[in-house]
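Pasted below: coords_38.pdb, PDB, C-alpha atoms.
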```
ATOM      1  CA  MET A   1      -8.030 -46.349   2.314
ATOM      2  CA  SER A   2      -4.522 -44.902   2.744
ATOM      3  CA  GLU A   3      -3.826 -42.080   5.143
ATOM      4  CA  GLN A   4      -3.520 -38.488   3.935
ATOM      5  CA  ALA A   5      -0.852 -36.672   5.948
ATOM      6  CA  LEU A   6      -0.863 -32.906   6.395
ATOM      7  CA  LEU A   7       2.449 -31.057   6.210
ATOM      8  CA  LEU A   8       2.291 -27.424   7.351
ATOM      9  CA  VAL A   9       5.160 -25.328   5.978
ATOM     10  CA  ASN A  10       6.323 -21.962   7.279
ATOM     11  CA  LEU A  11       9.370 -19.850   6.438
ATOM     12  CA  GLY A  12      11.809 -20.756   9.210
ATOM     13  CA  SER A  13      14.161 -19.293  11.762
ATOM     14  CA  PRO A  14      17.747 -19.497  13.001
ATOM     15  CA  ALA A  15      18.430 -22.309  15.460
ATOM     16  CA  SER A  16      19.423 -19.746  18.087
ATOM     17  CA  THR A  17      20.327 -16.084  18.480
ATOM     18  CA  GLU A  18      24.046 -16.840  18.178
ATOM     19  CA  VAL A  19      25.629 -14.918  15.300
ATOM     20  CA  ALA A  20      26.923 -18.125  13.695
ATOM     21  CA  ASP A  21      23.421 -19.661  13.627
ATOM     22  CA  VAL A  22      21.906 -16.466  12.247
ATOM     23  CA  ARG A  23      24.591 -16.309   9.539
ATOM     24  CA  ARG A  24      23.906 -19.940   8.572
ATOM     25  CA  TYR A  25      20.174 -19.272   8.359
ATOM     26  CA  LEU A  26      20.548 -16.052   6.356
ATOM     27  CA  ASN A  27      22.902 -17.747   3.929
ATOM     28  CA  GLN A  28      20.408 -20.542   3.246
ATOM     29  CA  PHE A  29      17.532 -18.082   2.956
ATOM     30  CA  LEU A  30      19.208 -15.458   0.777
ATOM     31  CA  MET A  31      20.933 -17.964  -1.524
ATOM     32  CA  ASP A  32      17.545 -19.340  -2.557
ATOM     33  CA  PRO A  33      17.121 -18.208  -6.201
ATOM     34  CA  TYR A  34      13.420 -17.659  -5.529
ATOM     35  CA  VAL A  35      14.334 -15.078  -2.877
ATOM     36  CA  ILE A  36      17.178 -13.249  -4.623
ATOM     37  CA  ASP A  37      16.498 -13.980  -8.272
ATOM     38  CA  LEU A  38      19.916 -13.113  -9.673
ATOM     39  CA  PRO A  39      22.471 -15.333 -11.464
ATOM     40  CA  TRP A  40      24.364 -17.525  -8.994
ATOM     41  CA  PRO A  41      27.723 -15.660  -9.150
ATOM     42  CA  VAL A  42      26.013 -12.298  -8.595
ATOM     43  CA  ARG A  43      23.790 -13.737  -5.869
ATOM     44  CA  ARG A  44      26.781 -15.335  -4.138
ATOM     45  CA  LEU A  45      28.723 -12.061  -4.183
ATOM     46  CA  LEU A  46      25.746 -10.037  -2.961
ATOM     47  CA  VAL A  47      24.895 -12.455  -0.156
ATOM     48  CA  SER A  48      28.541 -12.618   0.926
ATOM     49  CA  LEU A  49      28.549  -8.839   1.265
ATOM     50  CA  ILE A  50      25.279  -8.906   3.206
ATOM     51  CA  LEU A  51      26.686 -11.545   5.556
ATOM     52  CA  ILE A  52      29.549  -9.297   6.644
ATOM     53  CA  ARG A  53      27.385  -7.213   8.986
ATOM     54  CA  ARG A  54      23.800  -8.421   8.749
ATOM     55  CA  PRO A  55      24.100 -11.539  10.971
ATOM     56  CA  GLU A  56      25.209  -9.535  13.999
ATOM     57  CA  GLN A  57      22.426  -6.978  13.476
ATOM     58  CA  SER A  58      19.823  -9.694  12.957
ATOM     59  CA  ALA A  59      21.074 -11.687  15.956
ATOM     60  CA  HIS A  60      20.429  -8.652  18.156
ATOM     61  CA  ALA A  61      16.921  -8.302  16.713
ATOM     62  CA  TYR A  62      16.155 -12.002  17.221
ATOM     63  CA  ALA A  63      17.463 -11.853  20.791
ATOM     64  CA  SER A  64      15.035  -9.030  21.577
ATOM     65  CA  ILE A  65      11.992 -11.200  20.766
ATOM     66  CA  TRP A  66      13.289 -14.736  21.473
ATOM     67  CA  TRP A  67      11.212 -16.870  23.805
ATOM     68  CA  PRO A  68      12.466 -19.343  26.439
ATOM     69  CA  GLU A  69      11.073 -22.150  24.233
ATOM     70  CA  GLY A  70      12.889 -20.825  21.157
ATOM     71  CA  SER A  71      12.003 -18.859  18.031
ATOM     72  CA  PRO A  72       8.472 -17.403  18.271
ATOM     73  CA  LEU A  73       7.769 -18.390  14.663
ATOM     74  CA  VAL A  74       8.769 -22.009  15.200
ATOM     75  CA  VAL A  75       7.057 -22.250  18.593
ATOM     76  CA  LEU A  76       3.816 -20.750  17.295
ATOM     77  CA  SER A  77       3.899 -22.876  14.136
ATOM     78  CA  GLN A  78       4.339 -26.008  16.255
ATOM     79  CA  ARG A  79       1.442 -24.925  18.451
ATOM     80  CA  LEU A  80      -0.638 -24.500  15.292
ATOM     81  CA  ALA A  81       0.254 -28.019  14.157
ATOM     82  CA  ASP A  82      -0.690 -29.322  17.599
ATOM     83  CA  ALA A  83      -4.017 -27.468  17.446
ATOM     84  CA  VAL A  84      -4.767 -28.768  13.939
ATOM     85  CA  ARG A  85      -3.890 -32.396  14.736
ATOM     86  CA  PRO A  86      -7.168 -33.351  16.516
ATOM     87  CA  HIS A  87      -9.186 -31.898  13.620
ATOM     88  CA  TRP A  88      -7.220 -33.560  10.794
ATOM     89  CA  THR A  89      -8.566 -37.098  11.088
ATOM     90  CA  GLU A  90      -7.216 -38.166   7.690
ATOM     91  CA  GLY A  91      -3.701 -38.931   8.966
ATOM     92  CA  PRO A  92      -0.629 -37.540  10.741
ATOM     93  CA  VAL A  93       0.151 -33.813  10.929
ATOM     94  CA  GLU A  94       3.744 -32.589  10.667
ATOM     95  CA  LEU A  95       5.446 -29.200  10.599
ATOM     96  CA  ALA A  96       8.315 -28.125   8.356
ATOM     97  CA  MET A  97      10.292 -24.964   7.735
ATOM     98  CA  ARG A  98      11.586 -23.951   4.321
ATOM     99  CA  TYR A  99      14.820 -22.772   5.955
ATOM    100  CA  GLY A 100      16.271 -24.196   9.137
ATOM    101  CA  GLU A 101      14.680 -27.010  11.141
ATOM    102  CA  PRO A 102      12.524 -29.005  11.030
ATOM    103  CA  SER A 103      13.288 -29.070   7.310
ATOM    104  CA  ILE A 104      10.890 -30.117   4.557
ATOM    105  CA  GLU A 105      13.281 -32.939   3.711
ATOM    106  CA  ARG A 106      13.343 -34.266   7.260
ATOM    107  CA  SER A 107       9.552 -34.118   7.592
ATOM    108  CA  LEU A 108       8.814 -35.798   4.252
ATOM    109  CA  LEU A 109      11.306 -38.568   4.961
ATOM    110  CA  LYS A 110       9.664 -39.106   8.348
ATOM    111  CA  LEU A 111       6.238 -39.427   6.717
ATOM    112  CA  ALA A 112       7.587 -41.752   4.029
ATOM    113  CA  GLY A 113       9.110 -43.902   6.771
ATOM    114  CA  GLN A 114       5.620 -44.270   8.246
ATOM    115  CA  GLY A 115       4.336 -45.605   4.933
ATOM    116  CA  ILE A 116       2.505 -42.392   3.983
ATOM    117  CA  LYS A 117       1.904 -42.089   0.241
ATOM    118  CA  GLN A 118      -0.390 -39.052   0.132
ATOM    119  CA  VAL A 119       0.526 -35.673   1.619
ATOM    120  CA  THR A 120      -1.365 -32.390   1.645
ATOM    121  CA  LEU A 121       1.340 -29.723   1.507
ATOM    122  CA  ALA A 122       0.171 -26.488   3.135
ATOM    123  CA  PRO A 123       2.410 -23.443   2.587
ATOM    124  CA  LEU A 124       1.186 -21.079   5.306
ATOM    125  CA  TYR A 125       1.134 -17.986   3.086
ATOM    126  CA  PRO A 126      -2.239 -16.384   2.281
ATOM    127  CA  GLN A 127      -0.861 -14.539  -0.764
ATOM    128  CA  PHE A 128       1.182 -16.068  -3.587
ATOM    129  CA  ALA A 129       4.835 -15.234  -4.158
ATOM    130  CA  ASP A 130       7.668 -17.203  -5.710
ATOM    131  CA  SER A 131       9.798 -16.392  -2.660
ATOM    132  CA  THR A 132       7.346 -18.096  -0.302
ATOM    133  CA  THR A 133       4.833 -20.408  -1.976
ATOM    134  CA  THR A 134       6.795 -21.561  -5.020
ATOM    135  CA  THR A 135      10.046 -22.269  -3.202
ATOM    136  CA  ALA A 136       8.272 -24.389  -0.577
ATOM    137  CA  ILE A 137       6.506 -26.446  -3.248
ATOM    138  CA  GLU A 138       9.652 -26.886  -5.338
ATOM    139  CA  GLU A 139      11.667 -27.977  -2.303
ATOM    140  CA  ALA A 140       9.053 -30.650  -1.531
ATOM    141  CA  ARG A 141       9.167 -31.837  -5.135
ATOM    142  CA  ARG A 142      12.973 -31.923  -5.026
ATOM    143  CA  VAL A 143      12.961 -34.111  -1.921
ATOM    144  CA  ILE A 144      10.404 -36.515  -3.410
ATOM    145  CA  ARG A 145      12.336 -36.719  -6.685
ATOM    146  CA  GLU A 146      15.859 -37.062  -5.288
ATOM    147  CA  HIS A 147      14.905 -39.613  -2.636
ATOM    148  CA  GLY A 148      12.572 -41.526  -4.953
ATOM    149  CA  LEU A 149       9.679 -41.230  -2.511
ATOM    150  CA  ASP A 150       6.341 -42.763  -3.442
ATOM    151  CA  ILE A 151       4.388 -39.706  -2.317
ATOM    152  CA  GLN A 152       1.628 -37.835  -4.119
ATOM    153  CA  LEU A 153       1.079 -34.202  -3.177
ATOM    154  CA  ALA A 154      -2.085 -32.185  -2.822
ATOM    155  CA  ILE A 155      -1.183 -28.504  -2.458
ATOM    156  CA  LEU A 156      -3.006 -25.812  -0.532
ATOM    157  CA  GLN A 157      -3.492 -22.874  -2.874
ATOM    158  CA  PRO A 158      -3.104 -19.194  -1.820
ATOM    159  CA  PHE A 159      -6.161 -18.432   0.280
ATOM    160  CA  PHE A 160      -6.117 -14.615   0.306
ATOM    161  CA  ASP A 161      -9.709 -14.441  -0.913
ATOM    162  CA  GLN A 162     -11.232 -17.425   0.876
ATOM    163  CA  PRO A 163     -14.136 -16.577   3.226
ATOM    164  CA  GLU A 164     -12.812 -18.864   5.965
ATOM    165  CA  TYR A 165      -9.477 -17.020   6.087
ATOM    166  CA  LEU A 166     -11.066 -13.581   5.892
ATOM    167  CA  ASP A 167     -13.602 -14.395   8.611
ATOM    168  CA  ALA A 168     -10.781 -15.669  10.841
ATOM    169  CA  LEU A 169      -8.922 -12.385  10.308
ATOM    170  CA  VAL A 170     -11.995 -10.368  11.267
ATOM    171  CA  HIS A 171     -12.563 -12.535  14.323
ATOM    172  CA  SER A 172      -8.939 -12.117  15.422
ATOM    173  CA  VAL A 173      -9.128  -8.301  15.427
ATOM    174  CA  LYS A 174     -12.687  -7.913  16.691
ATOM    175  CA  THR A 175     -11.840  -6.992  20.298
ATOM    176  CA  HIS A 176      -9.253  -4.429  19.091
ATOM    177  CA  LEU A 177     -11.798  -2.734  16.832
ATOM    178  CA  GLU A 178     -14.237  -2.474  19.715
ATOM    179  CA  GLN A 179     -11.786  -0.190  21.534
ATOM    180  CA  PRO A 180     -11.165   3.455  20.503
ATOM    181  CA  PHE A 181      -8.608   3.781  17.702
ATOM    182  CA  ASP A 182      -7.784   6.322  15.003
ATOM    183  CA  HIS A 183      -6.599   4.110  12.167
ATOM    184  CA  LEU A 184      -5.875   0.495  11.224
ATOM    185  CA  LEU A 185      -2.788  -0.206   9.126
ATOM    186  CA  LEU A 186      -2.496  -3.504   7.288
ATOM    187  CA  SER A 187       1.235  -3.987   6.789
ATOM    188  CA  PHE A 188       2.127  -6.769   4.357
ATOM    189  CA  HIS A 189       5.595  -8.143   3.680
ATOM    190  CA  GLY A 190       7.169  -6.396   0.707
ATOM    191  CA  LEU A 191       8.660  -7.756  -2.513
ATOM    192  CA  PRO A 192      10.974  -6.294  -5.161
ATOM    193  CA  GLU A 193       8.864  -4.985  -8.041
ATOM    194  CA  ARG A 194      10.769  -7.217 -10.465
ATOM    195  CA  HIS A 195       9.227 -10.269  -8.737
ATOM    196  CA  LEU A 196       5.787  -9.013  -9.767
ATOM    197  CA  ARG A 197       6.892  -8.438 -13.341
ATOM    198  CA  LYS A 198       8.365 -11.948 -13.555
ATOM    199  CA  THR A 199       5.091 -13.615 -12.560
ATOM    200  CA  ASP A 200       2.838 -11.323 -14.632
ATOM    201  CA  PRO A 201       1.320 -13.517 -17.390
ATOM    202  CA  THR A 202       0.357 -10.463 -19.472
ATOM    203  CA  GLY A 203       3.729  -8.737 -19.346
ATOM    204  CA  SER A 204       1.981  -5.397 -18.916
ATOM    205  CA  HIS A 205      -0.091  -5.462 -15.703
ATOM    206  CA  CYS A 206       2.560  -3.801 -13.573
ATOM    207  CA  LEU A 207       3.021  -1.036 -16.137
ATOM    208  CA  ARG A 208      -0.578   0.129 -16.006
ATOM    209  CA  SER A 209      -2.278   2.752 -13.839
ATOM    210  CA  SER A 210      -1.561   2.920 -10.113
ATOM    211  CA  ASP A 211      -4.873   1.253  -9.238
ATOM    212  CA  CYS A 212      -4.333  -1.757 -11.515
ATOM    213  CA  CYS A 213      -3.968  -4.122  -8.556
ATOM    214  CA  GLN A 214      -7.348  -3.077  -7.167
ATOM    215  CA  ARG A 215      -9.001  -4.191 -10.393
ATOM    216  CA  ALA A 216      -6.879  -7.278 -11.150
ATOM    217  CA  GLU A 217      -8.687 -10.501 -11.942
ATOM    218  CA  GLY A 218      -8.174 -13.868 -13.598
ATOM    219  CA  ALA A 219      -4.619 -14.973 -14.379
ATOM    220  CA  VAL A 220      -3.172 -11.639 -13.257
ATOM    221  CA  LEU A 221      -4.776 -11.863  -9.819
ATOM    222  CA  ALA A 222      -3.699 -15.502  -9.505
ATOM    223  CA  SER A 223      -0.022 -14.546  -9.723
ATOM    224  CA  CYS A 224       0.224 -10.922  -8.525
ATOM    225  CA  TYR A 225       1.251 -10.693  -4.876
ATOM    226  CA  ARG A 226       0.448  -6.994  -4.564
ATOM    227  CA  ALA A 227      -3.015  -7.422  -6.094
ATOM    228  CA  GLN A 228      -3.765 -10.279  -3.721
ATOM    229  CA  CYS A 229      -2.643  -8.195  -0.734
ATOM    230  CA  ILE A 230      -4.784  -5.243  -1.743
ATOM    231  CA  GLN A 231      -7.822  -7.375  -2.447
ATOM    232  CA  SER A 232      -7.329  -9.266   0.850
ATOM    233  CA  ALA A 233      -7.247  -5.958   2.690
ATOM    234  CA  ALA A 234     -10.330  -4.593   0.921
ATOM    235  CA  SER A 235     -12.332  -7.778   1.531
ATOM    236  CA  PHE A 236     -11.260  -7.837   5.171
ATOM    237  CA  ALA A 237     -12.191  -4.172   5.692
ATOM    238  CA  LYS A 238     -15.619  -4.728   4.155
ATOM    239  CA  ARG A 239     -16.273  -7.729   6.394
ATOM    240  CA  ALA A 240     -15.040  -5.782   9.437
ATOM    241  CA  GLY A 241     -17.336  -2.850   8.641
ATOM    242  CA  LEU A 242     -14.495  -0.326   8.256
ATOM    243  CA  SER A 243     -14.957   2.853   6.239
ATOM    244  CA  ALA A 244     -12.378   3.800   3.603
ATOM    245  CA  ASP A 245     -10.703   6.397   5.837
ATOM    246  CA  GLN A 246     -10.287   4.004   8.760
ATOM    247  CA  TRP A 247      -7.673   1.731   7.178
ATOM    248  CA  SER A 248      -4.764   1.651   4.748
ATOM    249  CA  VAL A 249      -2.171  -0.735   3.295
ATOM    250  CA  SER A 250       1.625  -0.644   3.305
ATOM    251  CA  PHE A 251       4.563  -3.003   2.684
ATOM    252  CA  GLN A 252       7.432  -3.708   5.071
ATOM    253  CA  SER A 253      10.795  -5.529   5.294
ATOM    254  CA  ARG A 254      12.748  -4.004   2.410
ATOM    255  CA  LEU A 255      16.238  -5.383   1.785
ATOM    256  CA  GLY A 256      18.857  -3.900  -0.529
ATOM    257  CA  ARG A 257      18.617  -1.082  -3.036
ATOM    258  CA  ALA A 258      16.148  -2.566  -5.520
ATOM    259  CA  LYS A 259      12.769  -0.900  -6.029
ATOM    260  CA  TRP A 260      10.206  -2.606  -3.795
ATOM    261  CA  ILE A 261       6.443  -2.348  -3.924
ATOM    262  CA  GLU A 262       4.988   0.722  -2.241
ATOM    263  CA  PRO A 263       3.871   2.368  -0.043
ATOM    264  CA  TYR A 264       6.642   1.515   2.401
ATOM    265  CA  THR A 265       5.530   0.870   5.974
ATOM    266  CA  GLU A 266       8.338   2.997   7.472
ATOM    267  CA  ALA A 267       7.292   6.051   5.471
ATOM    268  CA  HIS A 268       3.585   5.404   5.980
ATOM    269  CA  LEU A 269       3.939   5.282   9.766
ATOM    270  CA  GLU A 270       5.395   8.796   9.711
ATOM    271  CA  GLU A 271       2.709  10.012   7.296
ATOM    272  CA  LEU A 272      -0.059   8.728   9.556
ATOM    273  CA  ALA A 273       1.482  10.426  12.594
ATOM    274  CA  ALA A 274       1.821  13.665  10.611
ATOM    275  CA  LYS A 275      -1.888  13.473   9.739
ATOM    276  CA  GLY A 276      -2.797  13.411  13.417
ATOM    277  CA  VAL A 277      -3.252   9.691  13.996
ATOM    278  CA  LYS A 278      -2.563   9.118  17.687
ATOM    279  CA  LYS A 279      -3.746   5.554  18.365
ATOM    280  CA  LEU A 280      -2.740   3.212  15.565
ATOM    281  CA  LEU A 281      -3.613  -0.458  15.201
ATOM    282  CA  VAL A 282      -1.308  -2.519  12.985
ATOM    283  CA  MET A 283      -1.960  -6.018  11.725
ATOM    284  CA  CYS A 284       0.218  -8.077   9.359
ATOM    285  CA  PRO A 285      -2.026 -10.301   7.217
ATOM    286  CA  ALA A 286       0.812 -11.786   5.137
ATOM    287  CA  PHE A 287       1.883 -13.742   8.227
ATOM    288  CA  VAL A 288      -0.268 -16.336   9.984
ATOM    289  CA  SER A 289       2.208 -16.712  12.879
ATOM    290  CA  ASP A 290       3.987 -13.934  14.735
ATOM    291  CA  CYS A 291       7.678 -13.678  13.930
ATOM    292  CA  ILE A 292      10.578 -11.236  13.850
ATOM    293  CA  GLU A 293       8.845  -9.160  11.149
ATOM    294  CA  THR A 294       5.802  -8.606  13.347
ATOM    295  CA  LEU A 295       7.172  -8.665  16.893
ATOM    296  CA  GLU A 296      10.415  -6.758  16.343
ATOM    297  CA  GLU A 297      10.031  -4.844  13.079
ATOM    298  CA  ILE A 298       6.526  -3.556  13.829
ATOM    299  CA  GLY A 299       6.020  -4.158  17.541
ATOM    300  CA  ASP A 300       9.346  -2.615  18.589
ATOM    301  CA  ARG A 301      10.975  -0.529  15.849
ATOM    302  CA  GLY A 302       7.722   0.475  14.197
ATOM    303  CA  ARG A 303       6.249   1.565  17.513
ATOM    304  CA  GLU A 304       9.349   3.662  18.313
ATOM    305  CA  GLN A 305       9.237   5.288  14.880
ATOM    306  CA  PHE A 306       5.522   6.094  15.081
ATOM    307  CA  ILE A 307       5.828   7.663  18.532
ATOM    308  CA  ALA A 308       8.941   9.618  17.531
ATOM    309  CA  ALA A 309       6.942  11.028  14.592
ATOM    310  CA  GLY A 310       4.173  12.311  16.898
ATOM    311  CA  GLY A 311       1.924   9.320  17.433
ATOM    312  CA  GLU A 312       0.988   8.231  20.935
ATOM    313  CA  GLU A 313       0.265   4.503  20.765
ATOM    314  CA  LEU A 314       0.906   1.712  18.265
ATOM    315  CA  GLN A 315      -0.859  -1.515  19.122
ATOM    316  CA  LEU A 316       0.255  -4.618  17.254
ATOM    317  CA  VAL A 317      -2.625  -6.983  16.585
ATOM    318  CA  PRO A 318      -1.359 -10.573  16.990
ATOM    319  CA  CYS A 319      -1.313 -12.787  13.928
ATOM    320  CA  LEU A 320      -3.816 -15.621  13.616
ATOM    321  CA  ASN A 321      -1.429 -17.954  15.483
ATOM    322  CA  THR A 322      -3.645 -20.608  17.137
ATOM    323  CA  ASN A 323      -6.904 -18.648  17.034
ATOM    324  CA  GLU A 324      -9.675 -21.257  17.134
ATOM    325  CA  ARG A 325     -11.460 -19.784  14.112
ATOM    326  CA  TRP A 326      -8.190 -19.909  12.150
ATOM    327  CA  VAL A 327      -7.500 -23.542  13.104
ATOM    328  CA  GLU A 328     -10.936 -24.522  11.825
ATOM    329  CA  ALA A 329     -10.468 -22.451   8.663
ATOM    330  CA  LEU A 330      -7.068 -23.979   7.916
ATOM    331  CA  VAL A 331      -8.385 -27.526   8.214
ATOM    332  CA  THR A 332     -11.275 -26.681   5.890
ATOM    333  CA  LEU A 333      -8.957 -25.068   3.339
ATOM    334  CA  CYS A 334      -6.530 -27.996   3.430
ATOM    335  CA  ARG A 335      -9.313 -30.484   2.823
ATOM    336  CA  ARG A 336     -10.092 -28.595  -0.407
ATOM    337  CA  ALA A 337      -6.475 -28.666  -1.613
ATOM    338  CA  PRO A 338      -6.264 -30.067  -5.157
ATOM    339  CA  LEU A 339      -3.880 -32.810  -6.247
ATOM    340  CA  ALA A 340      -0.693 -31.475  -7.823
ATOM    341  CA  LEU A 341      -0.208 -32.160 -11.509
TER     342      LEU A 341
END
```

Represent the supplied structure as C-alpha cells.
Amino acid sequence: MSEQALLLVNLGSPASTEVADVRRYLNQFLMDPYVIDLPWPVRRLLVSLILIRRPEQSAHAYASIWWPEGSPLVVLSQRLADAVRPHWTEGPVELAMRYGEPSIERSLLKLAGQGIKQVTLAPLYPQFADSTTTTAIEEARRVIREHGLDIQLAILQPFFDQPEYLDALVHSVKTHLEQPFDHLLLSFHGLPERHLRKTDPTGSHCLRSSDCCQRAEGAVLASCYRAQCIQSAASFAKRAGLSADQWSVSFQSRLGRAKWIEPYTEAHLEELAAKGVKKLLVMCPAFVSDCIETLEEIGDRGREQFIAAGGEELQLVPCLNTNERWVEALVTLCRRAPLAL
C-alpha cells in the first residue's frame, strides 16, 4: 500500500523584516487574483501604489513581533507539523506556505521526489474563502499540472463546524474563561463584501436581512465566509457555556477603501470600552497559528486602542498553535479528507 503524505498549508510570511523582503512578500500576496480580485492591469496599478509605503510600515510591524527563530507564523506552523508527524502514520508530513517559503511547489516536488503519489492537502483555514482555501488548492493543482506530477490529492475541507475543531477551541480558552473577565470578543479576519457575493450560489443571500448569515445552511453556508464565522462563534460559545451577552463577533485587517464585512474590530473595541467593558478577552478563530494579525494587530495595536478608549486590560488568547487537543483534532480531520475530483 502506497504512502499517503500530509501537506499542511498556511498563508506565509516575509523571509525577514527587511523592507525589501516585505515588499517581495506583499507583491506576491497582493497580486494573487484570489486576494485582490480585479483585472490584472487594475490590480497591478493598485498593488504598485500600495507598495510605495506599505512595505516600510509592515516591516516595522513584523519587527515588533519577530522571534529569534524567525516569523512566528512559520515557526509555529513548523512546530505544528512536527507535533502532527508522530500521529500521522500514513506517510511523511510536510509544511508549505502559499506565499514565501517553504512554497507549495517546493514541498510537492520534494514529496514527488520521494516517490509519493498520494497527498492529503490541508489548508489550515477553518472557514472557507477564495483568498485562503481556494488559492492554496489551485496552487497545488498548478504545480501538479505544470510539472506533470503523478500525485492524487485528498483535500481537507473547511472545518468551522466540526466538533473536533470546536472542542479544541474550547479547550484552548478554558483557563482564560475560569478567570474574571467582562467580555470575550471573537475577532475573525475580514473580507471585502464583494468576495461573499462572488461565492454566493443563490445570488441573493448577501442582500437579505442582517441576520441572514446566522440562518444560512446548505450551499450558502458551504461558501459564505461570514456565515461560517458566525456559526463557528455561536457553536463555540454554546460549547463553552457562554451567555449571549458575554461574547460578540467582529472582523479585522481591512485593506483599501472597499466595503468589508462588519462589524469592524477597531470600531467594536471602542464600543465595548464605551459600554463599560474593562477586562476584555480576544481570540482569533480564523487563525490556527499566531501571526502578525494576532500578535501585532490585536495584541499590540488593539490593546492600545482598547485602553485608550477606556478599557483596562485586553488579554489575547493564543491561537490553537500546538495545543495537544488541536493536534489530535487536525489528524482526525485530515484522515477524513475526501479525494479531490

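Residues matched by the PyMOL selection byres ((chain A and resi 18) around 9) in this structure: A:Pro14, A:Ala15, A:Ser16, A:Thr17, A:Val19, A:Ala20, A:Asp21, A:Val22, A:Arg23, A:Pro55, A:Glu56, A:Ala59, A:His60, A:Ala63.
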
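With distances taken over all atoms listed in the file, A:Gly190 is the one residue among A:Gly311, A:Gly190, A:Pro72, A:Gly299 lying closest to A:Ala258.
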
- request: Starting from the shown file, work through the PyMOL selection byres ((chain A and resi 108) around 12) and note down what comes out as a PyMOL selection string.
  value: chain A and resi 5-9+92-97+102-107+109-121+139-153

message: What does the structure give for the distance between atom CA of A:Phe128 and atom CA of A:Tyr225, in Å to one decimal?
response: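 These two atoms are separated by 5.5 Å.
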
Padding 4 Å on each side, edges along x, y and z: where is the centre of the box around the listed atoms of stretch 318-329 of chain A, and how long are its edges in Å to one decimal? Output it as lines of an AutoDock Vina configuration file.
```
center_x = -6.4
center_y = -17.5
center_z = 12.9
size_x = 18.1
size_y = 21.9
size_z = 16.5
```

task: Choose the residue, out of A:Pro192, A:Gly241, A:Gly203, A:Pro126, that has the smallest atom-to-atom separation from A:Val288; count all atoms listed in the file.
output: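 Looking at the shortest contact to A:Val288, the residue is A:Pro126.
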
For A:Gly12: contacts at 8 Å, only C-alpha atoms, fewer than 2 positions along chain excluded, given as a list of chain:residue names: A:Asn10, A:Pro14, A:Leu73, A:Val74, A:Met97, A:Arg98, A:Tyr99, A:Gly100, A:Glu101

- prompt: Of the residues A:Leu269, A:Leu185, A:Leu242, A:Leu46, which is the one nearest to A:Arg257, using all atoms listed in the file?
  reply: A:Leu46

task: Pick out the residues sitting within 12 Å of A:Lys279, and hand them over as JSON, numbers by chain; count all atoms listed in the file, and ignore anything fewer than 2 positions along from it in its own chain.
output: {"A": [176, 177, 179, 180, 181, 182, 183, 184, 185, 246, 269, 272, 273, 275, 276, 277, 281, 282, 303, 306, 307, 310, 311, 312, 313, 314, 315, 316]}

query: atom CA of A:Gly256 to atom CA of A:Gln305: how many Å, to one decimal?
result: 20.4 Å

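Shortest separation to A:Glu90 among A:Leu196, A:Gln4, A:Asp290, A:Gln252 occurs at residue A:Gln4, atoms counted being all atoms listed in the file.
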
field: Atom-to-atom span, atom CA of A:Arg43 and atom CA of A:Leu255, Å
entry: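 Straight-line distance from atom CA of A:Arg43 to atom CA of A:Leu255 works out to 13.6 Å.
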
Resolved residues for the PyMOL selection byres ((chain A and resi 65) around 9) as a CSV table (one decimal) with C-alpha atoms, in the coordinates of the input:
```csv
chain,number,residue,atom,x,y,z
A,61,ALA,CA,16.9,-8.3,16.7
A,62,TYR,CA,16.2,-12.0,17.2
A,63,ALA,CA,17.5,-11.9,20.8
A,64,SER,CA,15.0,-9.0,21.6
A,66,TRP,CA,13.3,-14.7,21.5
A,67,TRP,CA,11.2,-16.9,23.8
A,71,SER,CA,12.0,-18.9,18.0
A,72,PRO,CA,8.5,-17.4,18.3
A,291,CYS,CA,7.7,-13.7,13.9
A,292,ILE,CA,10.6,-11.2,13.8
A,295,LEU,CA,7.2,-8.7,16.9
A,296,GLU,CA,10.4,-6.8,16.3
```

- prompt: Using all atoms listed in the file, which residues sit within 12 Å of A:Val170 once same-chain residues fewer than 6 positions away are excluded, as a PyMOL selection string?
  reply: chain A and resi 163-164+176-178+232-242+283+285+317+319-320+323+325-326

message: I'd like to know which of A:Asp245, A:Glu217, A:Glu138, A:Glu271 is closest to A:Asp161, using all atoms listed in the file.
response: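 Under the stated criterion, the closest residue is A:Glu217.
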
field: Expected residue set, 6 Å radius at (-4.3, -30.8, 7.6), only C-alpha atoms, as a PyMOL selection string
entry: chain A and resi 6+88+331+334

Just to be explicit: take each residue in the selection above, keep C-alpha atoms, and write the result as a CSV table (one decimal), in the coordinates of the input.
```csv
chain,number,residue,atom,x,y,z
A,6,LEU,CA,-0.9,-32.9,6.4
A,88,TRP,CA,-7.2,-33.6,10.8
A,331,VAL,CA,-8.4,-27.5,8.2
A,334,CYS,CA,-6.5,-28.0,3.4
```

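Shortest separation to A:Phe188 among A:Asp32, A:Glu262, A:Glu328, A:Asp167 occurs at residue A:Glu262, atoms counted being all atoms listed in the file.
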
Some atoms are absent from stretch 108-114 of chain A, so rebuild N, CA and C atoms and return them as a compact mmCIF listing (two decimals), in the coordinates of the input.
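Below you can see rebuild.txt, which holds the result:
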```txt
# COMPACT_ATOMS: atom_id res chain seq x y z
N LEU A 108 9.32 -34.89 5.29
CA LEU A 108 8.81 -35.80 4.25
C LEU A 108 9.41 -37.19 4.41
N LEU A 109 10.69 -37.26 4.75
CA LEU A 109 11.31 -38.57 4.96
C LEU A 109 10.68 -39.28 6.16
N LYS A 110 10.34 -38.52 7.18
CA LYS A 110 9.66 -39.11 8.35
C LYS A 110 8.32 -39.69 7.95
N LEU A 111 7.55 -38.94 7.15
CA LEU A 111 6.24 -39.43 6.72
C LEU A 111 6.39 -40.65 5.81
N ALA A 112 7.36 -40.60 4.91
CA ALA A 112 7.59 -41.75 4.03
C ALA A 112 7.96 -42.98 4.84
N GLY A 113 8.73 -42.79 5.91
CA GLY A 113 9.11 -43.90 6.77
C GLY A 113 7.94 -44.52 7.49
N GLN A 114 6.84 -43.76 7.61
CA GLN A 114 5.62 -44.27 8.25
C GLN A 114 4.69 -44.92 7.23
```
